[in-house]
file my_file02.pdb (PDB, C-alpha atoms, pLDDT in the B column)
ATOM      1  CA  MET A   2      42.333 145.481 -25.111  1.00 72.00           C
ATOM      2  CA  LYS A   3      43.522 145.332 -21.515  1.00 80.00           C
ATOM      3  CA  LEU A   4      42.592 142.442 -19.261  1.00 80.00           C
ATOM      4  CA  ARG A   5      43.170 142.080 -15.556  1.00 85.00           C
ATOM      5  CA  ILE A   6      43.981 138.521 -14.426  1.00 83.00           C
ATOM      6  CA  THR A   7      44.391 137.389 -10.814  1.00 84.00           C
ATOM      7  CA  ILE A   8      46.436 134.279 -10.028  1.00 84.00           C
ATOM      8  CA  ASP A   9      47.142 133.224  -6.446  1.00 85.00           C
ATOM      9  CA  ASP A  10      45.964 136.617  -5.133  1.00 84.00           C
ATOM     10  CA  LYS A  11      48.397 138.488  -7.413  1.00 87.00           C
ATOM     11  CA  THR A  12      46.858 140.680 -10.131  1.00 86.00           C
ATOM     12  CA  TYR A  13      48.405 141.109 -13.578  1.00 85.00           C
ATOM     13  CA  GLU A  14      47.407 143.519 -16.333  1.00 86.00           C
ATOM     14  CA  VAL A  15      47.663 141.989 -19.795  1.00 84.00           C
ATOM     15  CA  ASP A  16      47.432 143.664 -23.203  1.00 83.00           C
ATOM     16  CA  VAL A  17      45.538 141.531 -25.735  1.00 78.00           C
ATOM     17  CA  ASP A  18      45.210 142.248 -29.443  1.00 75.00           C
ATOM     18  CA  VAL A  19      42.006 141.013 -31.088  1.00 67.00           C
ATOM     19  CA  ALA A  20      43.005 139.273 -34.311  1.00 64.00           C
ATOM     20  CA  GLU A  21      39.543 139.231 -35.870  1.00 55.00           C
ATOM     21  CA  ALA A  22      36.390 140.821 -34.467  1.00 55.00           C
ATOM     22  CA  ASP A  23      33.961 138.887 -36.706  1.00 55.00           C
ATOM     23  CA  ASN A  24      33.409 135.448 -35.111  1.00 54.00           C
ATOM     24  CA  ALA A  25      30.748 134.454 -37.637  1.00 55.00           C
ATOM     25  CA  SER A  26      33.424 133.168 -39.994  1.00 55.00           C
ATOM     26  CA  LEU A  27      34.894 130.838 -37.364  1.00 53.00           C
ATOM     27  CA  PRO A  28      33.956 127.137 -37.476  1.00 52.00           C
ATOM     28  CA  PRO A  29      31.858 125.658 -34.642  1.00 53.00           C
ATOM     29  CA  ALA A  30      33.737 124.770 -31.460  1.00 53.00           C
ATOM     30  CA  TYR A  31      32.787 121.116 -31.973  1.00 50.00           C
ATOM     31  CA  PRO A  32      32.169 119.210 -35.206  1.00 46.00           C
ATOM     32  CA  VAL A  33      28.439 119.306 -34.501  1.00 47.00           C
ATOM     33  CA  GLY A  34      27.260 116.904 -37.199  1.00 45.00           C
ATOM     34  CA  LEU A  35      30.088 114.402 -36.770  1.00 42.00           C
ATOM     35  CA  THR A  36      30.275 113.649 -33.047  1.00 40.00           C
ATOM     36  CA  SER A  37      31.912 110.423 -31.931  1.00 39.00           C
ATOM     37  CA  MET A  38      31.886 110.952 -28.163  1.00 40.00           C
ATOM     38  CA  THR A  39      30.150 108.393 -26.003  1.00 40.00           C
ATOM     39  CA  GLY A  40      29.026 108.087 -22.406  1.00 42.00           C
ATOM     40  CA  ARG A  41      26.292 109.313 -20.137  1.00 45.00           C
ATOM     41  CA  ALA A  42      26.532 112.279 -17.812  1.00 46.00           C
ATOM     42  CA  ALA A  43      24.908 112.131 -14.396  1.00 49.00           C
ATOM     43  CA  MET A  44      22.106 114.699 -14.314  1.00 50.00           C
ATOM     44  CA  PRO A  45      20.462 116.084 -11.176  1.00 52.00           C
ATOM     45  CA  PRO A  46      17.015 114.710 -10.312  1.00 54.00           C
ATOM     46  CA  GLY A  47      14.148 116.541 -11.976  1.00 53.00           C
ATOM     47  CA  VAL A  48      16.090 117.617 -15.087  1.00 51.00           C
ATOM     48  CA  PRO A  49      14.183 116.394 -18.173  1.00 53.00           C
ATOM     49  CA  THR A  50      16.161 114.256 -20.609  1.00 52.00           C
ATOM     50  CA  ALA A  51      15.936 114.126 -24.382  1.00 51.00           C
ATOM     51  CA  LYS A  52      13.970 111.252 -25.833  1.00 51.00           C
ATOM     52  CA  SER A  53      15.924 109.250 -28.386  1.00 48.00           C
ATOM     53  CA  PRO A  54      13.823 108.439 -31.436  1.00 48.00           C
ATOM     54  CA  ASN A  55      12.935 104.779 -31.993  1.00 43.00           C
ATOM     55  CA  ARG A  56      13.394 105.164 -35.736  1.00 43.00           C
ATOM     56  CA  PRO A  57      16.352 106.636 -37.604  1.00 50.00           C
ATOM     57  CA  LEU A  58      15.821 110.118 -38.995  1.00 48.00           C
ATOM     58  CA  ALA A  59      15.764 110.345 -42.777  1.00 52.00           C
ATOM     59  CA  ASP A  60      18.543 112.807 -43.597  1.00 70.00           C
ATOM     60  CA  ASP A  61      21.387 113.258 -41.114  1.00 79.00           C
ATOM     61  CA  GLU A  62      22.665 116.199 -43.201  1.00 82.00           C
ATOM     62  CA  LYS A  63      19.645 118.184 -41.998  1.00 86.00           C
ATOM     63  CA  LEU A  64      20.305 117.561 -38.290  1.00 89.00           C
ATOM     64  CA  CYS A  65      22.335 119.310 -35.635  1.00 90.00           C
ATOM     65  CA  ARG A  66      23.350 116.829 -32.921  1.00 91.00           C
ATOM     66  CA  SER A  67      24.781 117.447 -29.471  1.00 91.00           C
ATOM     67  CA  PRO A  68      28.571 117.055 -29.433  1.00 90.00           C
ATOM     68  CA  VAL A  69      28.599 116.320 -25.679  1.00 90.00           C
ATOM     69  CA  SER A  70      26.307 115.325 -22.829  1.00 92.00           C
ATOM     70  CA  GLY A  71      25.041 118.329 -20.913  1.00 93.00           C
ATOM     71  CA  VAL A  72      22.128 120.636 -20.164  1.00 94.00           C
ATOM     72  CA  VAL A  73      20.545 123.156 -22.542  1.00 95.00           C
ATOM     73  CA  VAL A  74      20.937 126.607 -20.972  1.00 94.00           C
ATOM     74  CA  LYS A  75      19.205 128.745 -23.609  1.00 94.00           C
ATOM     75  CA  VAL A  76      17.733 128.263 -27.089  1.00 94.00           C
ATOM     76  CA  PHE A  77      18.346 131.200 -29.430  1.00 94.00           C
ATOM     77  CA  ALA A  78      16.952 129.850 -32.717  1.00 93.00           C
ATOM     78  CA  LYS A  79      13.252 129.511 -33.482  1.00 94.00           C
ATOM     79  CA  GLU A  80      11.362 127.373 -35.967  1.00 94.00           C
ATOM     80  CA  GLY A  81      11.245 129.136 -39.315  1.00 94.00           C
ATOM     81  CA  ASP A  82      14.477 131.113 -38.756  1.00 94.00           C
ATOM     82  CA  THR A  83      16.792 131.332 -41.757  1.00 94.00           C
ATOM     83  CA  LEU A  84      20.340 130.753 -40.546  1.00 91.00           C
ATOM     84  CA  ARG A  85      23.834 130.730 -42.007  1.00 91.00           C
ATOM     85  CA  ALA A  86      26.559 128.261 -41.067  1.00 89.00           C
ATOM     86  CA  GLY A  87      28.103 129.435 -37.789  1.00 89.00           C
ATOM     87  CA  ASP A  88      24.999 131.208 -36.447  1.00 91.00           C
ATOM     88  CA  THR A  89      24.309 130.369 -32.796  1.00 91.00           C
ATOM     89  CA  LEU A  90      21.482 127.873 -32.251  1.00 93.00           C
ATOM     90  CA  LEU A  91      21.676 127.305 -28.507  1.00 94.00           C
ATOM     91  CA  LEU A  92      23.874 127.374 -25.426  1.00 93.00           C
ATOM     92  CA  LEU A  93      24.824 124.047 -23.865  1.00 93.00           C
ATOM     93  CA  GLU A  94      26.456 123.558 -20.459  1.00 93.00           C
ATOM     94  CA  ALA A  95      28.716 120.546 -20.075  1.00 89.00           C
ATOM     95  CA  MET A  96      31.178 119.927 -17.242  1.00 87.00           C
ATOM     96  CA  LYS A  97      30.627 123.473 -15.876  1.00 86.00           C
ATOM     97  CA  MET A  98      31.555 125.002 -19.247  1.00 90.00           C
ATOM     98  CA  GLU A  99      29.165 126.754 -21.595  1.00 91.00           C
ATOM     99  CA  THR A 100      29.409 125.934 -25.287  1.00 90.00           C
ATOM    100  CA  ASN A 101      27.716 127.765 -28.141  1.00 91.00           C
ATOM    101  CA  ILE A 102      26.188 125.241 -30.520  1.00 92.00           C
ATOM    102  CA  THR A 103      26.205 126.726 -33.994  1.00 91.00           C
ATOM    103  CA  ALA A 104      24.492 125.891 -37.257  1.00 89.00           C
ATOM    104  CA  PRO A 105      26.592 123.380 -39.201  1.00 87.00           C
ATOM    105  CA  ARG A 106      25.237 124.687 -42.525  1.00 87.00           C
ATOM    106  CA  ASP A 107      22.969 127.312 -44.088  1.00 90.00           C
ATOM    107  CA  GLY A 108      19.268 126.552 -43.890  1.00 91.00           C
ATOM    108  CA  VAL A 109      15.848 127.117 -42.379  1.00 94.00           C
ATOM    109  CA  VAL A 110      15.065 125.738 -38.920  1.00 94.00           C
ATOM    110  CA  ALA A 111      12.330 123.122 -39.288  1.00 94.00           C
ATOM    111  CA  ALA A 112      12.139 122.034 -35.638  1.00 94.00           C
ATOM    112  CA  ILE A 113      13.804 122.712 -32.305  1.00 94.00           C
ATOM    113  CA  LYS A 114      13.957 119.378 -30.471  1.00 95.00           C
ATOM    114  CA  VAL A 115      15.050 120.666 -27.028  1.00 95.00           C
ATOM    115  CA  VAL A 116      14.063 123.249 -24.425  1.00 95.00           C
ATOM    116  CA  ALA A 117      16.038 125.164 -21.799  1.00 93.00           C
ATOM    117  CA  THR A 118      16.960 123.042 -18.722  1.00 93.00           C
ATOM    118  CA  GLN A 119      16.666 119.826 -20.737  1.00 94.00           C
ATOM    119  CA  ALA A 120      19.459 117.270 -20.337  1.00 94.00           C
ATOM    120  CA  VAL A 121      20.876 115.913 -23.585  1.00 94.00           C
ATOM    121  CA  GLN A 122      23.297 113.135 -24.389  1.00 93.00           C
ATOM    122  CA  SER A 123      26.056 113.123 -26.967  1.00 91.00           C
ATOM    123  CA  GLY A 124      24.494 112.505 -30.380  1.00 90.00           C
ATOM    124  CA  ASP A 125      20.962 113.607 -29.440  1.00 92.00           C
ATOM    125  CA  VAL A 126      19.209 115.689 -32.120  1.00 92.00           C
ATOM    126  CA  LEU A 127      18.993 119.338 -31.075  1.00 94.00           C
ATOM    127  CA  VAL A 128      17.726 121.025 -34.251  1.00 93.00           C
ATOM    128  CA  GLU A 129      16.309 119.852 -37.592  1.00 93.00           C
ATOM    129  CA  PHE A 130      16.746 121.918 -40.747  1.00 91.00           C
ATOM    130  CA  ALA A 131      14.298 122.036 -43.668  1.00 87.00           C
TER     131      ALA A 131
END

call {"tool": "encode", "arguments": {"input": "my_file02.pdb", "output": "structure tokens"}}
result
Amino acid sequence: MKLRITIDDKTYEVDVDVAEADNASLPPAYPVGLTSMTGRAAMPPGVPTAKSPNRPLADDEKLCRSPVSGVVVKVFAKEGDTLRAGDTLLLLEAMKMETNITAPRDGVVAAIKVVATQAVQSGDVLVEFA
């Protein structure tokens, strides 16, 4: 595959070989179920934020949590969907970068806990599996 890259107003053509076309076998970009990041991101006024539950959820193995603070751009999964580990659940924007959040395991989506444009914090529950 040829790519054209421009750096400091000078354009370069680069040949790139794709090692593996099937990205479904790749692990998630972040260890979704095991996040240890902390902190709060400043969100613009009017962006809804996720509500943290007052009680702990029963089985953390059935949860997909946000690896970073950011804003949900798009939700791809729906309640009742049967997914395999690595399938895309949603798109999250954090620090001007978009990150695909993928299913940490095989399962059926029991509940989607966020909506597009919603601000989330690191560790917030995004999706529950049955």

call {"tool": "closest_residue", "arguments": {"input": "my_file02.pdb", "among": "A:Ser123, A:Leu84, A:Gly71, A:Ala111", "to": "Glu99 (chain A)", "atoms": "all atoms listed in the file"}}
result
A:Gly71

call {"tool": "closest_residue", "arguments": {"input": "my_file02.pdb", "among": "A:Lys11, A:Lys3, A:Lys97, A:Arg66", "to": "Lys114 (chain A)", "atoms": "all atoms listed in the file"}}
result
A:Arg66

call {"tool": "atom_distance", "arguments": {"input": "my_file02.pdb", "atom1": "CA of Lys79 (chain A)", "atom2": "CA of Leu92 (chain A)"}}
result
13.5 Å

call {"tool": "resolve_selection", "arguments": {"input": "my_file02.pdb", "expression": "the PyMOL selection byres ((chain A and resi 106) around 10)", "output": "PyMOL selection string"}}
result
chain A and resi 34+62-65+84-88+103-105+107-109+130

call {"tool": "atom_distance", "arguments": {"input": "my_file02.pdb", "atom1": "CA of Ala131 (chain A)", "atom2": "CA of Ile113 (chain A)"}}
result
11.4 Å

call {"tool": "resolve_selection", "arguments": {"input": "my_file02.pdb", "expression": "the PyMOL selection byres ((chain A and resi 98) around 12)", "output": "ChimeraX atom specification"}}
result
/A:69-74,92-97,99-101

call {"tool": "write_last_selection", "arguments": {"input": "my_file02.pdb", "atoms": "C-alpha atoms", "output": "PDB file, keeping the file's coordinate frame"}}
result
ATOM      1  CA  VAL A  69      28.599 116.320 -25.679  1.00 90.00           C
ATOM      2  CA  SER A  70      26.307 115.325 -22.829  1.00 92.00           C
ATOM      3  CA  GLY A  71      25.041 118.329 -20.913  1.00 93.00           C
ATOM      4  CA  VAL A  72      22.128 120.636 -20.164  1.00 94.00           C
ATOM      5  CA  VAL A  73      20.545 123.156 -22.542  1.00 95.00           C
ATOM      6  CA  VAL A  74      20.937 126.607 -20.972  1.00 94.00           C
ATOM      7  CA  LEU A  92      23.874 127.374 -25.426  1.00 93.00           C
ATOM      8  CA  LEU A  93      24.824 124.047 -23.865  1.00 93.00           C
ATOM      9  CA  GLU A  94      26.456 123.558 -20.459  1.00 93.00           C
ATOM     10  CA  ALA A  95      28.716 120.546 -20.075  1.00 89.00           C
ATOM     11  CA  MET A  96      31.178 119.927 -17.242  1.00 87.00           C
ATOM     12  CA  LYS A  97      30.627 123.473 -15.876  1.00 86.00           C
ATOM     13  CA  GLU A  99      29.165 126.754 -21.595  1.00 91.00           C
ATOM     14  CA  THR A 100      29.409 125.934 -25.287  1.00 90.00           C
ATOM     15  CA  ASN A 101      27.716 127.765 -28.141  1.00 91.00           C
TER      16      ASN A 101
END

call {"tool": "atom_distance", "arguments": {"input": "my_file02.pdb", "atom1": "CA of Asp18 (chain A)", "atom2": "CA of Leu91 (chain A)"}}
result
27.9 Å

call {"tool": "resolve_selection", "arguments": {"input": "my_file02.pdb", "expression": "the PyMOL selection byres ((chain A and resi 14) around 9)", "output": "compact mmCIF listing (two decimals) with C-alpha atoms, in the coordinates of the input"}}
result
# COMPACT_ATOMS: atom_id res chain seq x y z
CA LYS A 3 43.52 145.33 -21.52
CA LEU A 4 42.59 142.44 -19.26
CA ARG A 5 43.17 142.08 -15.56
CA ILE A 6 43.98 138.52 -14.43
CA THR A 7 44.39 137.39 -10.81
CA THR A 12 46.86 140.68 -10.13
CA TYR A 13 48.40 141.11 -13.58
CA VAL A 15 47.66 141.99 -19.80
CA ASP A 16 47.43 143.66 -23.20

call {"tool": "closest_residue", "arguments": {"input": "my_file02.pdb", "among": "A:Ala117, A:Asp60, A:Pro68, A:Leu127", "to": "Leu90 (chain A)", "atoms": "all atoms listed in the file"}}
result
A:Leu127

call {"tool": "closest_residue", "arguments": {"input": "my_file02.pdb", "among": "A:Val128, A:Ile102, A:Met2, A:Ala112", "to": "Glu80 (chain A)", "atoms": "all atoms listed in the file"}}
result
A:Ala112

call {"tool": "axis_aligned_box", "arguments": {"input": "my_file02.pdb", "around": "region 89-93 of chain A", "padding_each_side": "8 Å", "output": "JSON"}}
result
{"center_x": 23.2, "center_y": 127.2, "center_z": -28.3, "size_x": 19.3, "size_y": 22.3, "size_z": 24.9}

call {"tool": "closest_residue", "arguments": {"input": "my_file02.pdb", "among": "A:Ile8, A:Gly81, A:Val116, A:Lys75", "to": "Glu129 (chain A)", "atoms": "all atoms listed in the file"}}
result
A:Gly81

call {"tool": "decode", "arguments": {"input": "my_file02.pdb", "residues": "region 74-111 of chain A", "atoms": "N, CA and C atoms", "output": "PDB file, in the first residue's frame"}}
result
ATOM      1  N   VAL A  74     -18.083   9.050  21.366  1.00  0.00           N
ATOM      2  CA  VAL A  74     -18.367   9.593  20.043  1.00  0.00           C
ATOM      3  C   VAL A  74     -19.520   8.839  19.397  1.00  0.00           C
ATOM      4  N   LYS A  75     -19.443   7.491  19.429  1.00  0.00           N
ATOM      5  CA  LYS A  75     -20.476   6.671  18.802  1.00  0.00           C
ATOM      6  C   LYS A  75     -20.553   5.328  19.514  1.00  0.00           C
ATOM      7  N   VAL A  76     -21.772   4.813  19.655  1.00  0.00           N
ATOM      8  CA  VAL A  76     -21.988   3.488  20.246  1.00  0.00           C
ATOM      9  C   VAL A  76     -22.393   2.553  19.115  1.00  0.00           C
ATOM     10  N   PHE A  77     -21.616   1.483  18.934  1.00  0.00           N
ATOM     11  CA  PHE A  77     -21.877   0.523  17.863  1.00  0.00           C
ATOM     12  C   PHE A  77     -22.707  -0.663  18.347  1.00  0.00           C
ATOM     13  N   ALA A  78     -22.478  -1.114  19.561  1.00  0.00           N
ATOM     14  CA  ALA A  78     -23.183  -2.287  20.092  1.00  0.00           C
ATOM     15  C   ALA A  78     -24.589  -1.909  20.551  1.00  0.00           C
ATOM     16  N   LYS A  79     -25.459  -2.903  20.583  1.00  0.00           N
ATOM     17  CA  LYS A  79     -26.824  -2.713  21.070  1.00  0.00           C
ATOM     18  C   LYS A  79     -27.127  -3.803  22.091  1.00  0.00           C
ATOM     19  N   GLU A  80     -28.064  -3.523  22.968  1.00  0.00           N
ATOM     20  CA  GLU A  80     -28.481  -4.536  23.942  1.00  0.00           C
ATOM     21  C   GLU A  80     -28.993  -5.758  23.190  1.00  0.00           C
ATOM     22  N   GLY A  81     -28.548  -6.925  23.644  1.00  0.00           N
ATOM     23  CA  GLY A  81     -28.963  -8.174  23.014  1.00  0.00           C
ATOM     24  C   GLY A  81     -27.981  -8.677  21.969  1.00  0.00           C
ATOM     25  N   ASP A  82     -27.015  -7.843  21.540  1.00  0.00           N
ATOM     26  CA  ASP A  82     -26.024  -8.278  20.562  1.00  0.00           C
ATOM     27  C   ASP A  82     -25.148  -9.377  21.155  1.00  0.00           C
ATOM     28  N   THR A  83     -24.829 -10.375  20.344  1.00  0.00           N
ATOM     29  CA  THR A  83     -23.871 -11.400  20.732  1.00  0.00           C
ATOM     30  C   THR A  83     -22.534 -11.005  20.133  1.00  0.00           C
ATOM     31  N   LEU A  84     -21.533 -10.810  21.001  1.00  0.00           N
ATOM     32  CA  LEU A  84     -20.235 -10.329  20.559  1.00  0.00           C
ATOM     33  C   LEU A  84     -19.128 -11.306  20.910  1.00  0.00           C
ATOM     34  N   ARG A  85     -18.028 -11.204  20.165  1.00  0.00           N
ATOM     35  CA  ARG A  85     -16.827 -11.978  20.462  1.00  0.00           C
ATOM     36  C   ARG A  85     -15.778 -11.022  20.994  1.00  0.00           C
ATOM     37  N   ALA A  86     -14.842 -11.522  21.755  1.00  0.00           N
ATOM     38  CA  ALA A  86     -13.750 -10.700  22.279  1.00  0.00           C
ATOM     39  C   ALA A  86     -13.078  -9.979  21.115  1.00  0.00           C
ATOM     40  N   GLY A  87     -12.897  -8.668  21.246  1.00  0.00           N
ATOM     41  CA  GLY A  87     -12.271  -7.869  20.203  1.00  0.00           C
ATOM     42  C   GLY A  87     -13.251  -7.127  19.319  1.00  0.00           C
ATOM     43  N   ASP A  88     -14.549  -7.487  19.369  1.00  0.00           N
ATOM     44  CA  ASP A  88     -15.545  -6.748  18.587  1.00  0.00           C
ATOM     45  C   ASP A  88     -15.679  -5.331  19.139  1.00  0.00           C
ATOM     46  N   THR A  89     -15.881  -4.361  18.248  1.00  0.00           N
ATOM     47  CA  THR A  89     -15.980  -2.965  18.658  1.00  0.00           C
ATOM     48  C   THR A  89     -17.307  -2.689  19.359  1.00  0.00           C
ATOM     49  N   LEU A  90     -17.223  -2.086  20.545  1.00  0.00           N
ATOM     50  CA  LEU A  90     -18.406  -1.698  21.310  1.00  0.00           C
ATOM     51  C   LEU A  90     -18.768  -0.242  21.055  1.00  0.00           C
ATOM     52  N   LEU A  91     -17.758   0.632  21.156  1.00  0.00           N
ATOM     53  CA  LEU A  91     -18.002   2.058  20.983  1.00  0.00           C
ATOM     54  C   LEU A  91     -16.720   2.779  20.646  1.00  0.00           C
ATOM     55  N   LEU A  92     -16.859   4.048  20.259  1.00  0.00           N
ATOM     56  CA  LEU A  92     -15.728   4.896  19.934  1.00  0.00           C
ATOM     57  C   LEU A  92     -15.649   5.984  20.988  1.00  0.00           C
ATOM     58  N   LEU A  93     -14.475   6.132  21.583  1.00  0.00           N
ATOM     59  CA  LEU A  93     -14.264   7.083  22.669  1.00  0.00           C
ATOM     60  C   LEU A  93     -13.206   8.087  22.235  1.00  0.00           C
ATOM     61  N   GLU A  94     -13.455   9.371  22.460  1.00  0.00           N
ATOM     62  CA  GLU A  94     -12.460  10.399  22.157  1.00  0.00           C
ATOM     63  C   GLU A  94     -11.847  10.882  23.459  1.00  0.00           C
ATOM     64  N   ALA A  95     -10.517  10.835  23.515  1.00  0.00           N
ATOM     65  CA  ALA A  95      -9.787  11.285  24.686  1.00  0.00           C
ATOM     66  C   ALA A  95      -8.533  12.008  24.217  1.00  0.00           C
ATOM     67  N   MET A  96      -8.327  13.208  24.682  1.00  0.00           N
ATOM     68  CA  MET A  96      -7.163  14.016  24.323  1.00  0.00           C
ATOM     69  C   MET A  96      -7.005  14.130  22.809  1.00  0.00           C
ATOM     70  N   LYS A  97      -8.114  14.402  22.110  1.00  0.00           N
ATOM     71  CA  LYS A  97      -8.158  14.602  20.661  1.00  0.00           C
ATOM     72  C   LYS A  97      -7.775  13.359  19.861  1.00  0.00           C
ATOM     73  N   MET A  98      -7.834  12.188  20.514  1.00  0.00           N
ATOM     74  CA  MET A  98      -7.575  10.924  19.830  1.00  0.00           C
ATOM     75  C   MET A  98      -8.796  10.026  19.985  1.00  0.00           C
ATOM     76  N   GLU A  99      -9.152   9.338  18.917  1.00  0.00           N
ATOM     77  CA  GLU A  99     -10.269   8.411  18.980  1.00  0.00           C
ATOM     78  C   GLU A  99      -9.745   7.006  19.262  1.00  0.00           C
ATOM     79  N   THR A 100     -10.431   6.327  20.180  1.00  0.00           N
ATOM     80  CA  THR A 100     -10.044   4.982  20.578  1.00  0.00           C
ATOM     81  C   THR A 100     -11.235   4.051  20.451  1.00  0.00           C
ATOM     82  N   ASN A 101     -11.042   2.940  19.726  1.00  0.00           N
ATOM     83  CA  ASN A 101     -12.077   1.914  19.676  1.00  0.00           C
ATOM     84  C   ASN A 101     -12.055   1.144  20.980  1.00  0.00           C
ATOM     85  N   ILE A 102     -13.186   1.066  21.642  1.00  0.00           N
ATOM     86  CA  ILE A 102     -13.318   0.254  22.850  1.00  0.00           C
ATOM     87  C   ILE A 102     -13.920  -1.066  22.397  1.00  0.00           C
ATOM     88  N   THR A 103     -13.216  -2.146  22.691  1.00  0.00           N
ATOM     89  CA  THR A 103     -13.634  -3.455  22.202  1.00  0.00           C
ATOM     90  C   THR A 103     -14.080  -4.353  23.340  1.00  0.00           C
ATOM     91  N   ALA A 104     -14.834  -5.372  22.982  1.00  0.00           N
ATOM     92  CA  ALA A 104     -15.327  -6.333  23.970  1.00  0.00           C
ATOM     93  C   ALA A 104     -14.154  -7.077  24.583  1.00  0.00           C
ATOM     94  N   PRO A 105     -14.070  -7.106  25.915  1.00  0.00           N
ATOM     95  CA  PRO A 105     -12.964  -7.812  26.564  1.00  0.00           C
ATOM     96  C   PRO A 105     -13.131  -9.327  26.546  1.00  0.00           C
ATOM     97  N   ARG A 106     -14.344  -9.804  26.227  1.00  0.00           N
ATOM     98  CA  ARG A 106     -14.607 -11.245  26.231  1.00  0.00           C
ATOM     99  C   ARG A 106     -15.815 -11.533  25.353  1.00  0.00           C
ATOM    100  N   ASP A 107     -16.063 -12.794  25.067  1.00  0.00           N
ATOM    101  CA  ASP A 107     -17.276 -13.195  24.344  1.00  0.00           C
ATOM    102  C   ASP A 107     -18.469 -13.006  25.263  1.00  0.00           C
ATOM    103  N   GLY A 108     -19.622 -12.692  24.693  1.00  0.00           N
ATOM    104  CA  GLY A 108     -20.824 -12.590  25.511  1.00  0.00           C
ATOM    105  C   GLY A 108     -21.946 -11.871  24.809  1.00  0.00           C
ATOM    106  N   VAL A 109     -23.046 -11.719  25.539  1.00  0.00           N
ATOM    107  CA  VAL A 109     -24.234 -11.016  25.064  1.00  0.00           C
ATOM    108  C   VAL A 109     -24.322  -9.698  25.817  1.00  0.00           C
ATOM    109  N   VAL A 110     -24.588  -8.615  25.089  1.00  0.00           N
ATOM    110  CA  VAL A 110     -24.691  -7.296  25.712  1.00  0.00           C
ATOM    111  C   VAL A 110     -25.989  -7.230  26.507  1.00  0.00           C
ATOM    112  N   ALA A 111     -25.867  -7.014  27.811  1.00  0.00           N
ATOM    113  CA  ALA A 111     -27.043  -6.898  28.674  1.00  0.00           C
ATOM    114  C   ALA A 111     -27.516  -5.458  28.746  1.00  0.00           C
TER     115      ALA A 111
END
